[in-house]
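Shown below: coords.cif, with mmCIF, C-alpha atoms and all ligand atoms.
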```
data_model
#
loop_
_atom_site.label_atom_id
_atom_site.label_comp_id
_atom_site.auth_asym_id
_atom_site.auth_seq_id
_atom_site.Cartn_x
_atom_site.Cartn_y
_atom_site.Cartn_z
CA MET Z 1448 24.97 0.42 18.58
CA PRO Z 1449 22.17 -1.25 16.59
CA TYR Z 1450 20.15 1.27 14.66
CA GLY Z 1451 16.51 0.33 14.97
CA PRO Z 1452 13.04 1.37 16.13
CA PRO Z 1453 11.94 3.81 17.44
CA TYR Z 1454 14.72 5.57 15.50
CA LYS Z 1455 14.66 8.76 17.56
CA ASN Z 1456 17.97 10.47 16.88
CA PRO Z 1457 18.56 14.08 17.99
CA ALA Z 1458 21.91 14.06 16.17
CA LEU Z 1459 20.18 14.26 12.78
CA ARG Z 1460 20.31 18.05 12.52
CA PHE Z 1461 22.37 20.20 10.21
CA PRO Z 1462 24.87 22.58 11.79
CA GLN Z 1463 23.57 26.17 11.68
CA GLY Z 1464 24.83 27.95 8.58
CA ASN Z 1465 25.44 24.64 6.87
CA ILE Z 1466 22.00 23.59 5.75
CA PRO Z 1467 22.18 21.93 2.32
CA THR Z 1468 20.34 22.48 -0.91
CA GLY Z 1469 19.63 19.55 -3.21
CA LYS Z 1470 17.20 17.33 -5.01
CA THR Z 1471 16.15 13.69 -5.01
CA ALA Z 1472 13.44 11.67 -6.69
CA TRP Z 1473 11.85 8.28 -6.11
CA ARG Z 1474 9.21 6.06 -7.58
CA SER Z 1475 7.20 3.93 -5.17
CA PRO Z 1476 4.37 1.53 -5.97
CA SER Z 1477 0.95 0.80 -4.57
CA ASN Z 1478 0.11 -2.69 -3.33
CA ILE Z 1479 -2.93 -4.92 -3.09
CA ALA Z 1480 -3.57 -6.73 0.17
CA LEU Z 1481 -4.48 -10.43 0.09
CA ILE Z 1482 -4.96 -10.66 3.87
CA LYS Z 1483 -6.42 -7.33 4.86
CA TYR Z 1484 -5.27 -4.82 7.44
CA TRP Z 1485 -8.52 -3.47 8.90
CA GLY Z 1486 -8.36 -2.19 12.44
CA LYS Z 1487 -5.46 -0.59 14.29
CA LYS Z 1488 -4.34 0.74 17.65
CA PRO Z 1489 -2.08 3.71 18.42
CA VAL Z 1490 0.35 4.44 16.89
CA GLN Z 1491 -0.39 2.72 13.57
CA ILE Z 1492 -0.12 -0.76 15.04
CA PRO Z 1493 -2.24 -3.24 13.10
CA ARG Z 1494 -4.78 -5.38 14.92
CA ASN Z 1495 -3.76 -8.29 12.71
CA PRO Z 1496 -0.98 -9.14 10.26
CA SER Z 1497 -1.56 -8.55 6.54
CA ILE Z 1498 0.14 -9.66 3.33
CA SER Z 1499 0.18 -8.07 -0.12
CA PHE Z 1500 1.45 -8.12 -3.66
CA THR Z 1501 3.44 -5.00 -4.47
CA LEU Z 1502 2.24 -3.65 -7.82
CA GLN Z 1503 4.42 -2.70 -10.79
CA ASN Z 1504 2.55 -0.16 -12.90
CA ALA Z 1505 0.57 1.74 -10.27
CA TYR Z 1506 3.08 4.02 -8.58
CA SER Z 1507 3.79 7.56 -7.37
CA GLU Z 1508 6.75 9.41 -8.80
CA THR Z 1509 7.97 12.21 -6.60
CA GLU Z 1510 10.75 14.73 -7.00
CA VAL Z 1511 11.77 16.72 -3.95
CA SER Z 1512 13.96 19.83 -3.95
CA TYR Z 1513 15.11 21.02 -0.55
CA LEU Z 1514 16.72 24.20 0.67
CA PRO Z 1515 17.21 25.99 3.99
CA ALA Z 1516 13.87 27.03 5.50
CA ARG Z 1517 13.76 30.78 5.90
CA GLY Z 1518 11.87 31.08 9.14
CA GLY Z 1519 13.75 28.19 10.75
CA ARG Z 1520 10.65 26.03 10.49
CA LEU Z 1521 9.37 23.39 8.10
CA GLU Z 1522 7.97 24.72 4.83
CA ILE Z 1523 6.28 22.67 2.13
CA GLU Z 1524 5.13 23.43 -1.39
CA PHE Z 1525 3.35 20.47 -2.98
CA TYR Z 1526 2.56 20.26 -6.70
CA PHE Z 1527 0.42 17.28 -7.66
CA GLU Z 1528 0.29 16.58 -11.37
CA GLY Z 1529 1.65 20.06 -12.07
CA GLU Z 1530 -0.70 21.99 -9.84
CA ARG Z 1531 -0.22 23.35 -6.37
CA ASN Z 1532 -2.25 21.13 -4.02
CA PRO Z 1533 -3.10 22.57 -0.59
CA LYS Z 1534 -4.65 19.29 0.60
CA PHE Z 1535 -1.44 17.31 -0.03
CA GLU Z 1536 0.58 20.20 1.37
CA GLU Z 1537 -1.28 19.95 4.66
CA LYS Z 1538 -1.14 16.14 4.71
CA THR Z 1539 2.61 16.11 4.06
CA ALA Z 1540 3.30 18.83 6.63
CA LYS Z 1541 1.37 16.85 9.23
CA PHE Z 1542 3.28 13.70 8.36
CA PHE Z 1543 6.69 15.42 8.45
CA GLU Z 1544 5.85 17.08 11.78
CA SER Z 1545 4.81 13.70 13.18
CA VAL Z 1546 8.25 12.25 12.35
CA ALA Z 1547 10.27 15.28 13.44
CA ASP Z 1548 11.77 13.36 16.36
CA ILE Z 1549 13.01 10.72 13.88
CA PHE Z 1550 14.30 13.28 11.38
CA PRO Z 1551 15.01 16.44 13.43
CA PHE Z 1552 16.36 18.08 10.27
CA VAL Z 1553 12.90 18.39 8.68
CA ASP Z 1554 12.12 21.70 10.33
CA GLN Z 1555 15.37 23.18 9.00
CA LEU Z 1556 14.24 22.69 5.41
CA LYS Z 1557 11.86 23.97 2.83
CA PHE Z 1558 10.60 21.14 0.57
CA VAL Z 1559 9.31 21.68 -2.94
CA ILE Z 1560 7.54 18.46 -3.88
CA ARG Z 1561 6.37 17.52 -7.37
CA SER Z 1562 4.42 14.30 -7.52
CA ARG Z 1563 2.32 12.34 -9.96
CA ASN Z 1564 0.56 9.00 -9.96
CA THR Z 1565 0.54 6.64 -12.92
CA PHE Z 1566 -2.96 5.51 -12.08
CA PRO Z 1567 -6.01 7.71 -12.59
CA HIS Z 1568 -7.62 9.16 -9.51
CA SER Z 1569 -10.76 7.31 -10.58
CA ALA Z 1570 -9.01 3.96 -10.14
CA GLY Z 1571 -9.64 4.13 -6.41
CA ILE Z 1572 -6.21 2.55 -5.95
CA ALA Z 1573 -5.02 3.42 -2.48
CA SER Z 1574 -2.74 6.34 -3.26
CA SER Z 1575 -1.66 6.59 0.38
CA ALA Z 1576 0.46 3.43 0.03
CA SER Z 1577 2.52 4.79 -2.86
CA GLY Z 1578 2.32 8.43 -1.73
CA MET Z 1579 3.43 7.87 1.86
CA SER Z 1580 6.09 5.29 1.02
CA VAL Z 1581 7.65 7.66 -1.49
CA LEU Z 1582 7.88 10.41 1.15
CA ALA Z 1583 9.46 7.98 3.61
CA LEU Z 1584 12.01 7.04 0.94
CA VAL Z 1585 12.88 10.69 0.42
CA LEU Z 1586 13.37 11.35 4.15
CA CYS Z 1587 15.61 8.30 4.60
CA ASP Z 1588 17.49 9.22 1.44
CA LEU Z 1589 18.24 12.68 2.90
CA GLU Z 1590 19.50 11.01 6.06
CA TRP Z 1591 21.62 8.62 3.99
CA MET Z 1592 23.09 11.40 1.84
CA HIS Z 1593 23.82 13.94 4.54
CA PHE Z 1594 24.42 12.05 7.77
CA GLY Z 1595 26.17 8.90 6.63
CA THR Z 1596 23.76 6.60 8.44
CA LEU Z 1597 21.58 3.91 6.77
CA GLN Z 1598 24.43 2.83 4.47
CA ASN Z 1599 23.34 -0.78 4.74
CA ARG Z 1600 20.47 -1.48 2.30
CA ASP Z 1601 18.50 -3.66 4.73
CA ASP Z 1602 18.74 -1.01 7.45
CA PHE Z 1603 17.70 1.62 4.96
CA LEU Z 1604 14.60 -0.21 3.76
CA ARG Z 1605 13.56 -1.24 7.25
CA LYS Z 1606 13.61 2.36 8.41
CA VAL Z 1607 11.76 3.47 5.28
CA SER Z 1608 9.08 0.89 5.99
CA TYR Z 1609 8.86 1.93 9.66
CA VAL Z 1610 8.42 5.58 8.68
CA ALA Z 1611 6.02 4.79 5.81
CA ARG Z 1612 3.86 2.85 8.28
CA LEU Z 1613 3.52 5.97 10.43
CA GLY Z 1614 2.17 7.80 7.35
CA SER Z 1615 -0.21 5.02 6.28
CA GLY Z 1616 -0.25 1.43 7.47
CA SER Z 1617 -0.45 -0.17 4.04
CA ALA Z 1618 2.48 1.99 2.84
CA SER Z 1619 4.82 -0.09 5.03
CA ARG Z 1620 4.35 -2.97 2.56
CA SER Z 1621 5.08 -0.93 -0.60
CA VAL Z 1622 8.74 -0.54 0.37
CA TYR Z 1623 9.63 -4.03 -0.88
CA GLY Z 1624 8.89 -5.82 -4.13
CA GLY Z 1625 6.95 -9.06 -4.44
CA VAL Z 1626 5.08 -10.47 -1.47
CA VAL Z 1627 5.25 -8.53 1.77
CA VAL Z 1628 3.90 -9.13 5.28
CA TRP Z 1629 3.23 -6.39 7.79
CA GLY Z 1630 2.26 -7.32 11.34
CA GLU Z 1631 3.62 -9.86 13.74
CA SER Z 1632 2.79 -13.48 13.05
CA LYS Z 1633 4.32 -16.33 14.97
CA GLU Z 1634 4.40 -18.28 11.72
CA ILE Z 1635 6.80 -15.76 10.17
CA PRO Z 1636 10.06 -15.16 12.04
CA GLY Z 1637 11.17 -11.58 11.37
CA SER Z 1638 7.65 -10.22 10.91
CA SER Z 1639 6.82 -7.13 12.94
CA ASP Z 1640 4.01 -4.72 13.76
CA LEU Z 1641 6.49 -1.90 13.15
CA TYR Z 1642 7.54 -2.48 9.54
CA GLY Z 1643 6.96 -4.63 6.47
CA PHE Z 1644 8.86 -7.86 5.90
CA PRO Z 1645 9.36 -9.40 2.44
CA VAL Z 1646 8.75 -13.15 2.17
CA ASN Z 1647 9.76 -13.70 -1.45
CA GLY Z 1648 12.29 -16.44 -0.82
CA GLU Z 1649 9.53 -18.81 0.14
CA ILE Z 1650 7.02 -18.08 -2.59
CA HIS Z 1651 6.22 -20.49 -5.45
CA ASP Z 1652 7.12 -19.20 -8.93
CA ILE Z 1653 3.49 -19.01 -10.08
CA PHE Z 1654 2.82 -16.21 -7.58
CA LYS Z 1655 5.98 -14.27 -8.45
CA THR Z 1656 4.53 -13.13 -11.77
CA TYR Z 1657 0.86 -12.97 -10.79
CA LYS Z 1658 -1.32 -10.47 -12.62
CA ASP Z 1659 -3.76 -7.98 -11.14
CA THR Z 1660 -6.21 -6.39 -13.55
CA ILE Z 1661 -8.09 -3.60 -11.82
CA LEU Z 1662 -11.67 -3.45 -13.09
CA LEU Z 1663 -12.97 0.08 -12.68
CA VAL Z 1664 -16.56 0.10 -11.52
CA ASP Z 1665 -17.01 3.55 -10.05
CA ASP Z 1666 -14.96 6.69 -9.70
CA GLY Z 1667 -16.91 8.37 -6.90
CA GLU Z 1668 -15.16 9.61 -3.79
CA LYS Z 1669 -15.21 7.11 -0.95
CA LYS Z 1670 -18.13 7.75 1.41
CA VAL Z 1671 -16.11 6.60 4.41
CA SER Z 1672 -12.34 7.00 4.58
CA SER Z 1673 -10.07 4.09 5.50
CA ARG Z 1674 -9.09 5.97 8.63
CA ALA Z 1675 -12.74 6.11 9.76
CA GLY Z 1676 -13.21 2.47 8.71
CA HIS Z 1677 -10.30 1.33 10.88
CA SER Z 1678 -11.65 3.16 13.87
CA LEU Z 1679 -15.15 1.68 13.45
CA MET Z 1680 -13.54 -1.75 13.98
CA GLU Z 1681 -13.02 -0.78 17.62
CA SER Z 1682 -16.73 -1.16 18.28
CA ASN Z 1683 -17.53 -3.85 15.72
CA PRO Z 1684 -18.96 -6.86 17.59
CA PHE Z 1685 -17.23 -9.28 15.20
CA ALA Z 1686 -13.81 -7.64 15.40
CA GLY Z 1687 -12.20 -10.06 17.86
CA GLU Z 1688 -12.99 -13.11 15.76
CA ARG Z 1689 -12.00 -11.25 12.58
CA PHE Z 1690 -8.54 -10.49 13.98
CA ARG Z 1691 -8.06 -14.14 14.98
CA GLN Z 1692 -9.28 -15.29 11.56
CA ALA Z 1693 -6.70 -13.07 9.84
CA HIS Z 1694 -3.90 -14.83 11.76
CA ARG Z 1695 -5.21 -18.23 10.69
CA ASN Z 1696 -5.77 -17.08 7.10
CA LEU Z 1697 -2.25 -15.70 6.87
CA ALA Z 1698 -0.70 -18.99 7.98
CA ALA Z 1699 -2.83 -21.00 5.54
CA LEU Z 1700 -2.32 -18.56 2.67
CA LEU Z 1701 1.44 -18.54 3.06
CA LYS Z 1702 1.46 -22.33 3.02
CA ALA Z 1703 -0.54 -22.25 -0.23
CA MET Z 1704 1.73 -19.61 -1.72
CA ARG Z 1705 4.79 -21.70 -0.91
CA SER Z 1706 3.41 -24.81 -2.56
CA GLY Z 1707 1.74 -23.10 -5.53
CA ASP Z 1708 -1.75 -24.14 -4.40
CA THR Z 1709 -3.98 -21.74 -6.35
CA GLU Z 1710 -7.18 -23.32 -5.09
CA THR Z 1711 -6.46 -22.47 -1.45
CA PHE Z 1712 -5.08 -19.08 -2.52
CA ILE Z 1713 -8.42 -18.31 -4.19
CA ARG Z 1714 -10.54 -19.52 -1.29
CA ILE Z 1715 -8.67 -17.45 1.27
CA THR Z 1716 -8.17 -14.25 -0.71
CA GLU Z 1717 -11.79 -14.09 -1.87
CA SER Z 1718 -13.01 -14.75 1.65
CA GLU Z 1719 -10.71 -11.97 2.92
CA ALA Z 1720 -12.16 -9.51 0.41
CA LEU Z 1721 -15.75 -10.31 1.37
CA THR Z 1722 -14.89 -10.28 5.08
CA LEU Z 1723 -13.41 -6.79 4.73
CA HIS Z 1724 -16.68 -5.57 3.26
CA ALA Z 1725 -18.69 -7.56 5.79
CA MET Z 1726 -16.86 -5.63 8.50
CA MET Z 1727 -18.02 -2.39 6.88
CA MET Z 1728 -21.60 -3.67 6.74
CA THR Z 1729 -21.53 -4.74 10.39
CA SER Z 1730 -19.97 -1.53 11.72
CA LEU Z 1731 -22.14 1.12 13.34
CA PRO Z 1732 -22.82 3.29 11.49
CA TYR Z 1733 -22.89 0.61 8.76
CA TYR Z 1734 -21.91 1.38 5.22
CA LEU Z 1735 -21.50 -0.22 1.80
CA LEU Z 1736 -18.68 0.45 -0.62
CA MET Z 1737 -19.60 -2.22 -3.17
CA LYS Z 1738 -21.81 -1.21 -6.09
CA PRO Z 1739 -24.24 -3.39 -8.06
CA ASN Z 1740 -21.59 -3.82 -10.77
CA THR Z 1741 -19.06 -4.97 -8.16
CA LEU Z 1742 -21.35 -7.92 -7.45
CA GLN Z 1743 -22.07 -8.53 -11.14
CA ILE Z 1744 -18.35 -8.80 -11.82
CA ILE Z 1745 -17.68 -11.04 -8.81
CA GLU Z 1746 -20.39 -13.42 -9.97
CA LYS Z 1747 -19.04 -13.40 -13.52
CA ILE Z 1748 -15.54 -14.23 -12.27
CA ILE Z 1749 -16.82 -17.11 -10.16
CA ALA Z 1750 -18.92 -18.45 -13.05
CA TYR Z 1751 -15.98 -18.15 -15.47
CA ARG Z 1752 -13.76 -20.07 -13.05
CA LYS Z 1753 -16.37 -22.80 -12.69
CA LYS Z 1754 -16.89 -23.07 -16.44
CA THR Z 1755 -13.21 -23.06 -17.47
CA GLY Z 1756 -11.48 -24.47 -14.40
CA LEU Z 1757 -8.97 -21.59 -14.69
CA PRO Z 1758 -7.60 -20.10 -11.43
CA VAL Z 1759 -8.98 -16.58 -11.91
CA SER Z 1760 -10.12 -14.86 -8.72
CA PHE Z 1761 -11.01 -11.50 -7.22
CA THR Z 1762 -10.08 -9.33 -4.32
CA LEU Z 1763 -11.36 -5.94 -3.21
CA ASP Z 1764 -9.83 -2.87 -1.66
CA ALA Z 1765 -11.81 -0.47 0.49
CA GLY Z 1766 -13.84 0.54 -2.58
CA PRO Z 1767 -16.08 -0.75 -5.36
CA ASN Z 1768 -13.42 -1.69 -7.93
CA VAL Z 1769 -12.51 -5.33 -8.41
CA HIS Z 1770 -8.94 -6.60 -8.56
CA MET Z 1771 -8.87 -9.70 -10.74
CA LEU Z 1772 -5.94 -11.95 -9.85
CA TYR Z 1773 -4.54 -14.71 -12.10
CA PRO Z 1774 -1.32 -16.40 -13.22
CA SER Z 1775 0.55 -14.56 -15.99
CA ALA Z 1776 0.09 -17.50 -18.38
CA LEU Z 1777 -3.65 -16.67 -18.54
CA LYS Z 1778 -3.14 -13.11 -19.76
CA GLU Z 1779 -4.66 -13.54 -23.23
CA LYS Z 1780 -7.58 -15.66 -22.03
CA VAL Z 1781 -8.41 -13.09 -19.35
CA ARG Z 1782 -8.31 -10.25 -21.90
CA GLN Z 1783 -10.87 -12.14 -23.96
CA PHE Z 1784 -12.99 -12.75 -20.87
CA ILE Z 1785 -12.99 -9.04 -20.04
CA GLN Z 1786 -13.95 -8.07 -23.59
CA ASN Z 1787 -16.66 -10.71 -23.85
CA GLU Z 1788 -18.24 -10.59 -20.42
CA LEU Z 1789 -17.09 -7.72 -18.21
CA ILE Z 1790 -16.64 -4.62 -20.32
CA SER Z 1791 -20.30 -3.54 -20.05
CA PHE Z 1792 -20.00 -3.28 -16.25
CA LEU Z 1793 -16.92 -1.04 -16.35
CA ASN Z 1794 -16.52 2.70 -16.11
CA PRO Z 1795 -14.09 4.43 -18.51
CA PRO Z 1796 -11.15 3.88 -18.88
CA GLY Z 1797 -12.37 0.37 -18.06
CA PHE Z 1798 -9.47 -1.48 -16.55
CA ILE Z 1799 -5.79 -1.21 -15.66
CA GLU Z 1800 -3.43 -4.12 -16.17
CA ASP Z 1801 -0.92 -4.57 -13.42
CA GLU Z 1802 1.21 -7.33 -11.93
CA VAL Z 1803 3.51 -8.20 -9.06
CA GLY Z 1804 6.23 -5.57 -9.02
CA LYS Z 1805 9.83 -5.07 -8.00
CA GLY Z 1806 9.42 -2.30 -5.43
CA PRO Z 1807 10.64 1.30 -5.22
CA GLU Z 1808 13.36 2.82 -7.34
CA LYS Z 1809 15.53 5.93 -7.01
CA ILE Z 1810 15.17 7.91 -10.22
CA LEU Z 1811 17.58 10.80 -9.70
C1 LIG D 1 -8.55 -2.05 2.94
O1 LIG D 1 -3.31 1.83 4.95
O2 LIG D 1 -5.12 3.17 3.82
O3 LIG D 1 -6.58 -1.30 1.84
O4 LIG D 1 -3.17 3.26 7.98
O5 LIG D 1 -5.24 4.67 8.09
O6 LIG D 1 -3.57 5.02 6.23
P1 LIG D 1 -4.22 4.03 7.19
O7 LIG D 1 -5.06 3.01 6.32
P2 LIG D 1 -4.72 2.30 4.95
O8 LIG D 1 -5.71 1.04 5.03
C2 LIG D 1 -5.70 0.09 4.04
C3 LIG D 1 -6.85 -0.81 4.19
C4 LIG D 1 -7.05 -1.80 3.07
C5 LIG D 1 -6.41 -3.14 3.39
C6 LIG D 1 -4.92 -3.24 3.26
O9 LIG D 1 -4.31 -2.55 2.43
O10 LIG D 1 -4.36 -4.09 3.99
#
```
Take the structure in this file and express it as structure tokens.
Ligand code: DP6
Amino acid sequence: MPYGPPYKNPALRFPQGNIPTGKTAWRSPSNIALIKYWGKKPVQIPRNPSISFTLQNAYSETEVSYLPARGGRLEIEFYFEGERNPKFEEKTAKFFESVADIFPFVDQLKFVIRSRNTFPHSAGIASSASGMSVLALVLCDLEWMHFGTLQNRDDFLRKVSYVARLGSGSASRSVYGGVVVWGESKEIPGSSDLYGFPVNGEIHDIFKTYKDTILLVDDGEKKVSSRAGHSLMESNPFAGERFRQAHRNLAALLKAMRSGDTETFIRITESEALTLHAMMMTSLPYYLLMKPNTLQIIEKIIAYRKKTGLPVSFTLDAGPNVHMLYPSALKEKVRQFIQNELISFLNPPGFIEDEVGKGPEKIL
């Protein structure tokens, strides 16, 4: 029988009296979207397909010890960066409960979770992508270790991505290295609304080692969460055209990424970033996540590109920080550019250098 979505499997329960004790640990990265996921329908189905670079240095590292739950119901202790964290405890419990029909063994266990991120909280890097994908990896790993299913690597990763998506949409893309699509596109056979799909085979070498330097503008808490932002798209008068545009942009971007066309890459990814923020500004209630220094930096990047002819560009997440994207060969030049022209707009620690990464790793 093929083992695929919706993955509901009542057989995944431990026999009474034979509930295991053990430990596993995974590292899972964040990712930066080039075509943005913004707008969704139940349950975690994107309104349009998105594509991202998986990052290398920005990741969550999570160790999970498990043992029989005493009361016969799910128990979670969550330590974030060494300290017990009730917020993450509640978030994780909610997530595990929401996937209890996929992993019926979760309510037989007590989980002691110790997690840390390599990126500072102030970076505004979406920690849900790394944080939720790492939890999905752990759950599938438990299934793999104790039930003998998911022995095939492709099956394993597909289920991880499916489950990660239920935790946070963008997390579905962090499960694979390189360039990953999430959301069905007729241009990409194999793409799905239910899980991420890597497209590395078709990507030009220049994009395989692309750099992403995250320029830290502001470390304030987001005024509007991504969850609220997605739901405001339901009443945004421009939403329909935005979703259609994302389909067109994805097709054109992939074409550019196959041929190594950095000019088209820049035009589409920068437009995507500004469109994402335009959607925030045209929602009701409207809101702004960019700061004055976000705009200063964007203008500096555009001026630098014009002056030098170098393919340096920007994208934005749902926040004020700027992701500067460029080919790895420009590393030294870009460092100079930051020191000479951008540093005065940055908030300590200034910037984080990252690049296209290889994807998650089991570390225990
Ligand atoms: C702007 O994946 O954080 O980063 O599914 O509600 O958890 P939830 O949202 P989330 O949204 C990410 C939005 C984005 C664009 C993107 O990553 O595609």
Legend entry - Near-ligand residues for ligand LIG 1 (chain D), threshold 6 Å, only C-alpha atoms and all ligand atoms, as a ChimeraX atom specification: /Z:1480,1483-1485,1497,1575,1615-1617,1673-1674,1764-1765
Inset, instruction - For stretch 1716-1722 of chain Z, please output as a PyMOL selection string all residues within 12 Å (counting only C-alpha atoms; exclusion window: fewer than 5 positions along the same chain). - result: chain Z and resi 1479-1485+1497-1500+1685-1686+1688-1690+1692-1697+1699-1701+1703-1704+1709-1711+1727-1729+1735-1737+1741-1742+1745-1746+1748-1749+1759-1773
Inset, instruction - Compare Z:Gly1707, Z:Pro1515, Z:Pro1453, Z:Gly1806 by their minimum atom-to-atom distance to Z:Gly1469, counting only C-alpha atoms, and give me the closest one. - result: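 Looking at the shortest contact to Z:Gly1469, the residue is Z:Pro1515.
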Legend entry - Nearest to Z:Phe1603 by atom-to-atom distance, counting all atoms listed in the file, from Z:Glu1590, Z:Pro1457, Z:Ile1549, Z:Gly1486: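 The shortest atom-to-atom distance to Z:Phe1603 comes from Z:Glu1590.
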Legend entry - Residue nearest Z:Phe1552 among Z:Met1680, Z:Val1664, Z:Val1511, Z:Ala1516 (counting all atoms listed in the file):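 Result for the nearest residue to Z:Phe1552: Z:Ala1516.
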Legend entry - Contacts of Z:Pro1452 within 10 Å, all atoms listed in the file, excl. fewer than 4 positions in-chain, as number ranges by chain: Z: 1549, 1605-1606, 1609-1610, 1641-1642
Legend entry - Distance of atom CA of Z:Leu1597 from atom CA of Z:Asn1456, expressed in Å to one decimal place: 12.6 Å
Inset, instruction - Go ahead and compute the interatomic distance for atom CA of Z:Asn1794 and atom CA of Z:Leu1663, in Å to one decimal. - result: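 One can read the atom CA of Z:Asn1794 to atom CA of Z:Leu1663 distance as 5.6 Å.
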Inset, instruction - Measure the distance from atom CA of Z:Asn1599 to atom CA of Z:Ser1577 in Å and round it to one decimal. - result: 22.9 Å
With N, CA, C and O atoms as the target, complete stretch 1740-1753 of chain Z and hand it back as a JSON list (two decimals), in the frame of the given file.
```json
[["chain", "number", "residue", "atom", "x", "y", "z"],
["Z", 1740, "ASN", "N", -22.51, -3.23, -9.78],
["Z", 1740, "ASN", "CA", -21.59, -3.82, -10.77],
["Z", 1740, "ASN", "C", -20.42, -4.57, -10.12],
["Z", 1740, "ASN", "O", -19.84, -5.46, -10.74],
["Z", 1741, "THR", "N", -20.09, -4.21, -8.88],
["Z", 1741, "THR", "CA", -19.06, -4.97, -8.16],
["Z", 1741, "THR", "C", -19.54, -6.42, -8.03],
["Z", 1741, "THR", "O", -18.79, -7.36, -8.32],
["Z", 1742, "LEU", "N", -20.79, -6.57, -7.63],
["Z", 1742, "LEU", "CA", -21.35, -7.92, -7.45],
["Z", 1742, "LEU", "C", -21.50, -8.66, -8.78],
["Z", 1742, "LEU", "O", -21.24, -9.86, -8.88],
["Z", 1743, "GLN", "N", -21.93, -7.91, -9.80],
["Z", 1743, "GLN", "CA", -22.07, -8.53, -11.14],
["Z", 1743, "GLN", "C", -20.72, -9.13, -11.56],
["Z", 1743, "GLN", "O", -20.65, -10.26, -12.05],
["Z", 1744, "ILE", "N", -19.68, -8.36, -11.38],
["Z", 1744, "ILE", "CA", -18.35, -8.80, -11.82],
["Z", 1744, "ILE", "C", -17.88, -10.00, -10.98],
["Z", 1744, "ILE", "O", -17.35, -10.97, -11.52],
["Z", 1745, "ILE", "N", -18.09, -9.92, -9.68],
["Z", 1745, "ILE", "CA", -17.68, -11.04, -8.81],
["Z", 1745, "ILE", "C", -18.38, -12.32, -9.27],
["Z", 1745, "ILE", "O", -17.76, -13.38, -9.40],
["Z", 1746, "GLU", "N", -19.66, -12.21, -9.55],
["Z", 1746, "GLU", "CA", -20.39, -13.42, -9.97],
["Z", 1746, "GLU", "C", -19.90, -13.92, -11.32],
["Z", 1746, "GLU", "O", -19.79, -15.13, -11.54],
["Z", 1747, "LYS", "N", -19.57, -13.01, -12.21],
["Z", 1747, "LYS", "CA", -19.04, -13.40, -13.52],
["Z", 1747, "LYS", "C", -17.70, -14.12, -13.36],
["Z", 1747, "LYS", "O", -17.43, -15.11, -14.05],
["Z", 1748, "ILE", "N", -16.86, -13.61, -12.46],
["Z", 1748, "ILE", "CA", -15.54, -14.23, -12.27],
["Z", 1748, "ILE", "C", -15.71, -15.65, -11.71],
["Z", 1748, "ILE", "O", -15.07, -16.60, -12.18],
["Z", 1749, "ILE", "N", -16.61, -15.78, -10.74],
["Z", 1749, "ILE", "CA", -16.82, -17.11, -10.16],
["Z", 1749, "ILE", "C", -17.38, -18.09, -11.22],
["Z", 1749, "ILE", "O", -16.94, -19.23, -11.34],
["Z", 1750, "ALA", "N", -18.32, -17.58, -12.01],
["Z", 1750, "ALA", "CA", -18.92, -18.45, -13.05],
["Z", 1750, "ALA", "C", -17.87, -18.84, -14.10],
["Z", 1750, "ALA", "O", -17.81, -20.00, -14.54],
["Z", 1751, "TYR", "N", -17.02, -17.88, -14.47],
["Z", 1751, "TYR", "CA", -15.98, -18.15, -15.47],
["Z", 1751, "TYR", "C", -15.01, -19.21, -14.93],
["Z", 1751, "TYR", "O", -14.60, -20.13, -15.64],
["Z", 1752, "ARG", "N", -14.67, -19.09, -13.67],
["Z", 1752, "ARG", "CA", -13.76, -20.07, -13.05],
["Z", 1752, "ARG", "C", -14.39, -21.46, -13.05],
["Z", 1752, "ARG", "O", -13.74, -22.44, -13.37],
["Z", 1753, "LYS", "N", -15.67, -21.51, -12.71],
["Z", 1753, "LYS", "CA", -16.37, -22.80, -12.69],
["Z", 1753, "LYS", "C", -16.41, -23.42, -14.08],
["Z", 1753, "LYS", "O", -16.15, -24.61, -14.27]]
```
